[in-house]
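Encoded as structure tokens, the structure appears first; notes follow it.
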Amino acid sequence: MSNQRGWTAEQIPDQSKRVIVVTGANSGLGLATTRALARKGARVILAVRDEAKGRAAVEQITAEVPGAALEVRRVDLADLDSVRAFSEDLHADHSRLDVLVNNAGLMAPPSRLLSPQGHEVQFAANHLGHFALTGLLLDLLEAGEDPRVVTVSSPNHRQADLFFDDINGERKYSPMGYYNQSKLANAVFGWQLHQKLTATGSPVRSVLAHPGYTSTNLQTSSPAGMVKFLFGRLLLPLAQTPAQGALPTLFAATDPSVTGGQFIGPDGMGELRGAPKTVELAPRASDADSGRRLWDLSEELTSVYFAFPAAA
């Protein structure tokens, strides 16, 4: 699939009987993704840090979609203990998972913050938490029907670096520099996961997506100063709604034409807005050496080691 002009959420295939986890599902892109999937009959597990906000999101959706099959489960992606607890609880109640949408994100806190395990919080929440969650849920995905992992990155990954010598920003922290690093890490992870799943003959597909420029609280809740002014005010008239911004993720998660390793983004100018299409991954995201280095580091920092099926 190179382009699907005009593709909308109405074209999502029937999702009845499918079990889908969406991280960060209580607001913004995650809420829009959850709402669209619920309308098509999916059982959506809202993986949220704040359960009260998750329940409010469920009330909002069920008012529009009576009988929607929704569950709220707490997970703090920045806290690896919380990620493990979420996985254990999900395993206790579900024997399979069809789609994991790695959507939750934290953007440009003005000062350097650390996760409970001592990692820079954007790298922890945006990358390490999703890396660990995917590894811990891989067995449920292997049991799923047309199983997919959709990891949400950003066009910012193209201007980013992986600061292997200062991964936690101890020497020189920059709010957007470390946000961009986390988005490149998402892209590297999604590509490396695709390579490993393919090599081992796994039925799970790893797909990447980005929403373009979308008006959500991501731009206004964490950043401060010029970043907040730029994204939260100056550029806001150019932004899409969350329902529009969720389309690449929804396409990646549901469309039969999607193949592993694709990167789905908007088709408009500069990939800022528009209908889903295949877009280019930055060469640095598919670089084998940095990919191997990030994977090894992620395993070391999370103590999560993916149990891929034995290669055929």
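Order determines the names: the first chain of the structure tokens is A, the second B, and so forth; residues in each chain are numbered 1 upward, and ligands are numbered 1 upward as they are shown.
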inquiry  = From a backbone DSSP assignment, name each residue in range 101-306 of chain A labelled helix (DSSP H, G or I), as a VMD selection string.
reply    = chain A and resid 121 to 142 155 to 159 164 to 166 175 to 199 218 to 221 225 to 234 236 to 238 242 to 245 247 to 254 269 to 271 283 to 285 288 to 302
message = Env of Gln122 in chain A: 12 Å cut, atoms = only C-alpha atoms, seq-sep filter 5 positions within chain, self excluded. Answer as number ranges by chain.
response = A: 77-79, 104-115, 127-130, 167-169, 173-186, 222-223
inquiry  = Applying 7 Å and only C-alpha atoms, which residues near Asp98 in chain A remain after dropping the ones on its own chain fewer than 2 positions away? List them as JSON, numbers by chain.
reply    = {"A": [18, 19, 20, 96, 141, 144, 145, 146, 147, 148]}
query = Can you list, as a PyMOL selection string, every protein, DNA or RNA residue that comes within 10 Å of Tyr305 in chain A when you count only C-alpha atoms, leaving out same-chain residues fewer than 4 positions away?
reply = chain A and resi 131-132+135-136+295-296+298-300
Mind dumping a table of every range 162-225 of chain A residue within 6 Å of range 252-272 of chain A, with the nearest atom pair and its distance in Å to one decimal, using only C-alpha atoms, sorted by chain and rising number, as a Markdown table?
| residue | atom | partner | partner_atom | distance |
| --- | --- | --- | --- | --- |
| A:Trp191 | CA | A:Gly261 | CA | 5.8 |
| A:His194 | CA | A:Gly261 | CA | 5.4 |
| A:Arg205 | CA | A:Gly260 | CA | 4.7 |
| A:Ser206 | CA | A:Gly260 | CA | 5.1 |
| A:Val207 | CA | A:Gly261 | CA | 5.2 |
| A:Leu208 | CA | A:Phe263 | CA | 4.5 |
| A:Ala209 | CA | A:Ile264 | CA | 4.5 |
| A:His210 | CA | A:Gly265 | CA | 5.0 |
| A:Gly212 | CA | A:Leu272 | CA | 4.2 |
| A:Tyr213 | CA | A:Leu272 | CA | 4.9 |
Residues as selected, all heavy atoms, written as a PDB file, in the first residue's frame, can you do that?
ATOM      1  N   TRP A 191      11.190  -1.012  13.909  1.00  0.00           N
ATOM      2  CA  TRP A 191      11.876  -1.646  12.776  1.00  0.00           C
ATOM      3  C   TRP A 191      12.621  -2.904  13.215  1.00  0.00           C
ATOM      4  O   TRP A 191      12.539  -3.946  12.564  1.00  0.00           O
ATOM      5  CB  TRP A 191      12.831  -0.664  12.116  1.00  0.00           C
ATOM      6  CG  TRP A 191      13.605  -1.280  10.989  1.00  0.00           C
ATOM      7  CD1 TRP A 191      14.919  -1.635  10.979  1.00  0.00           C
ATOM      8  CD2 TRP A 191      13.076  -1.656   9.700  1.00  0.00           C
ATOM      9  NE1 TRP A 191      15.261  -2.194   9.781  1.00  0.00           N
ATOM     10  CE2 TRP A 191      14.156  -2.223   8.975  1.00  0.00           C
ATOM     11  CE3 TRP A 191      11.834  -1.562   9.099  1.00  0.00           C
ATOM     12  CZ2 TRP A 191      14.012  -2.691   7.674  1.00  0.00           C
ATOM     13  CZ3 TRP A 191      11.680  -2.029   7.802  1.00  0.00           C
ATOM     14  CH2 TRP A 191      12.752  -2.590   7.101  1.00  0.00           C
ATOM     15  N   HIS A 194      10.217  -5.682  13.815  1.00  0.00           N
ATOM     16  CA  HIS A 194       9.794  -6.264  12.526  1.00  0.00           C
ATOM     17  C   HIS A 194      10.833  -7.254  12.009  1.00  0.00           C
ATOM     18  O   HIS A 194      10.494  -8.368  11.583  1.00  0.00           O
ATOM     19  CB  HIS A 194       9.574  -5.140  11.506  1.00  0.00           C
ATOM     20  CG  HIS A 194       9.580  -5.605  10.088  1.00  0.00           C
ATOM     21  ND1 HIS A 194       8.643  -6.484   9.577  1.00  0.00           N
ATOM     22  CD2 HIS A 194      10.442  -5.335   9.054  1.00  0.00           C
ATOM     23  CE1 HIS A 194       8.906  -6.727   8.291  1.00  0.00           C
ATOM     24  NE2 HIS A 194       9.999  -6.052   7.967  1.00  0.00           N
ATOM     25  N   ARG A 205       2.874  -8.835  13.384  1.00  0.00           N
ATOM     26  CA  ARG A 205       3.419  -7.790  12.523  1.00  0.00           C
ATOM     27  C   ARG A 205       3.757  -6.563  13.351  1.00  0.00           C
ATOM     28  O   ARG A 205       2.948  -6.127  14.171  1.00  0.00           O
ATOM     29  CB  ARG A 205       2.402  -7.376  11.456  1.00  0.00           C
ATOM     30  CG  ARG A 205       2.287  -8.337  10.299  1.00  0.00           C
ATOM     31  CD  ARG A 205       1.322  -7.804   9.267  1.00  0.00           C
ATOM     32  NE  ARG A 205       0.029  -8.476   9.361  1.00  0.00           N
ATOM     33  CZ  ARG A 205      -0.980  -8.274   8.526  1.00  0.00           C
ATOM     34  NH1 ARG A 205      -0.857  -7.409   7.541  1.00  0.00           N
ATOM     35  NH2 ARG A 205      -2.106  -8.918   8.677  1.00  0.00           N
ATOM     36  N   SER A 206       4.933  -5.989  13.139  1.00  0.00           N
ATOM     37  CA  SER A 206       5.313  -4.728  13.770  1.00  0.00           C
ATOM     38  C   SER A 206       5.191  -3.616  12.738  1.00  0.00           C
ATOM     39  O   SER A 206       5.824  -3.655  11.681  1.00  0.00           O
ATOM     40  CB  SER A 206       6.746  -4.795  14.293  1.00  0.00           C
ATOM     41  OG  SER A 206       7.166  -3.525  14.766  1.00  0.00           O
ATOM     42  N   VAL A 207       4.356  -2.628  13.053  1.00  0.00           N
ATOM     43  CA  VAL A 207       4.081  -1.521  12.135  1.00  0.00           C
ATOM     44  C   VAL A 207       4.313  -0.216  12.889  1.00  0.00           C
ATOM     45  O   VAL A 207       4.019  -0.118  14.082  1.00  0.00           O
ATOM     46  CB  VAL A 207       2.629  -1.575  11.610  1.00  0.00           C
ATOM     47  CG1 VAL A 207       2.418  -0.559  10.493  1.00  0.00           C
ATOM     48  CG2 VAL A 207       2.270  -2.976  11.129  1.00  0.00           C
ATOM     49  N   LEU A 208       4.821   0.786  12.200  1.00  0.00           N
ATOM     50  CA  LEU A 208       5.016   2.109  12.778  1.00  0.00           C
ATOM     51  C   LEU A 208       3.996   3.087  12.216  1.00  0.00           C
ATOM     52  O   LEU A 208       3.536   2.929  11.076  1.00  0.00           O
ATOM     53  CB  LEU A 208       6.429   2.608  12.480  1.00  0.00           C
ATOM     54  CG  LEU A 208       7.541   1.959  13.308  1.00  0.00           C
ATOM     55  CD1 LEU A 208       8.871   2.009  12.569  1.00  0.00           C
ATOM     56  CD2 LEU A 208       7.649   2.653  14.663  1.00  0.00           C
ATOM     57  N   ALA A 209       3.654   4.097  13.006  1.00  0.00           N
ATOM     58  CA  ALA A 209       2.731   5.129  12.554  1.00  0.00           C
ATOM     59  C   ALA A 209       3.131   6.460  13.168  1.00  0.00           C
ATOM     60  O   ALA A 209       3.812   6.500  14.193  1.00  0.00           O
ATOM     61  CB  ALA A 209       1.294   4.781  12.945  1.00  0.00           C
ATOM     62  N   HIS A 210       2.713   7.540  12.520  1.00  0.00           N
ATOM     63  CA  HIS A 210       2.829   8.853  13.161  1.00  0.00           C
ATOM     64  C   HIS A 210       1.611   9.684  12.766  1.00  0.00           C
ATOM     65  O   HIS A 210       1.052   9.526  11.693  1.00  0.00           O
ATOM     66  CB  HIS A 210       4.163   9.533  12.836  1.00  0.00           C
ATOM     67  CG  HIS A 210       4.218  10.285  11.544  1.00  0.00           C
ATOM     68  ND1 HIS A 210       3.632  11.531  11.375  1.00  0.00           N
ATOM     69  CD2 HIS A 210       4.806   9.991  10.349  1.00  0.00           C
ATOM     70  CE1 HIS A 210       3.861  11.962  10.135  1.00  0.00           C
ATOM     71  NE2 HIS A 210       4.560  11.048   9.500  1.00  0.00           N
ATOM     72  N   GLY A 212       1.238  13.005  12.278  1.00  0.00           N
ATOM     73  CA  GLY A 212       1.370  14.348  11.748  1.00  0.00           C
ATOM     74  C   GLY A 212       1.304  15.350  12.886  1.00  0.00           C
ATOM     75  O   GLY A 212       1.716  15.058  14.020  1.00  0.00           O
ATOM     76  N   TYR A 213       0.790  16.528  12.596  1.00  0.00           N
ATOM     77  CA  TYR A 213       0.675  17.556  13.635  1.00  0.00           C
ATOM     78  C   TYR A 213      -0.769  17.615  14.107  1.00  0.00           C
ATOM     79  O   TYR A 213      -1.672  17.982  13.345  1.00  0.00           O
ATOM     80  CB  TYR A 213       1.140  18.911  13.119  1.00  0.00           C
ATOM     81  CG  TYR A 213       1.070  19.985  14.190  1.00  0.00           C
ATOM     82  CD1 TYR A 213       1.452  19.701  15.505  1.00  0.00           C
ATOM     83  CD2 TYR A 213       0.627  21.254  13.895  1.00  0.00           C
ATOM     84  CE1 TYR A 213       1.383  20.665  16.493  1.00  0.00           C
ATOM     85  CE2 TYR A 213       0.562  22.230  14.874  1.00  0.00           C
ATOM     86  CZ  TYR A 213       0.940  21.923  16.171  1.00  0.00           C
ATOM     87  OH  TYR A 213       0.860  22.870  17.145  1.00  0.00           O
TER      88      TYR A 213
END
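Rounded to one decimal, CA of Thr151 in chain A and CA of Pro116 in chain A lie 23.1 Å from each other.
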request  = Could you tell me which of A:Leu37, A:Val304, A:Ala56, A:Val75 comes closest to Leu138 in chain A if we count only C-alpha atoms?
outcome  = A:Val304
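CA of Gly274 in chain A is found 10.8 Å from CA of Thr241 in chain A.
CA of Arg73 in chain A lies 7.3 Å from CA of Phe86 in chain A.
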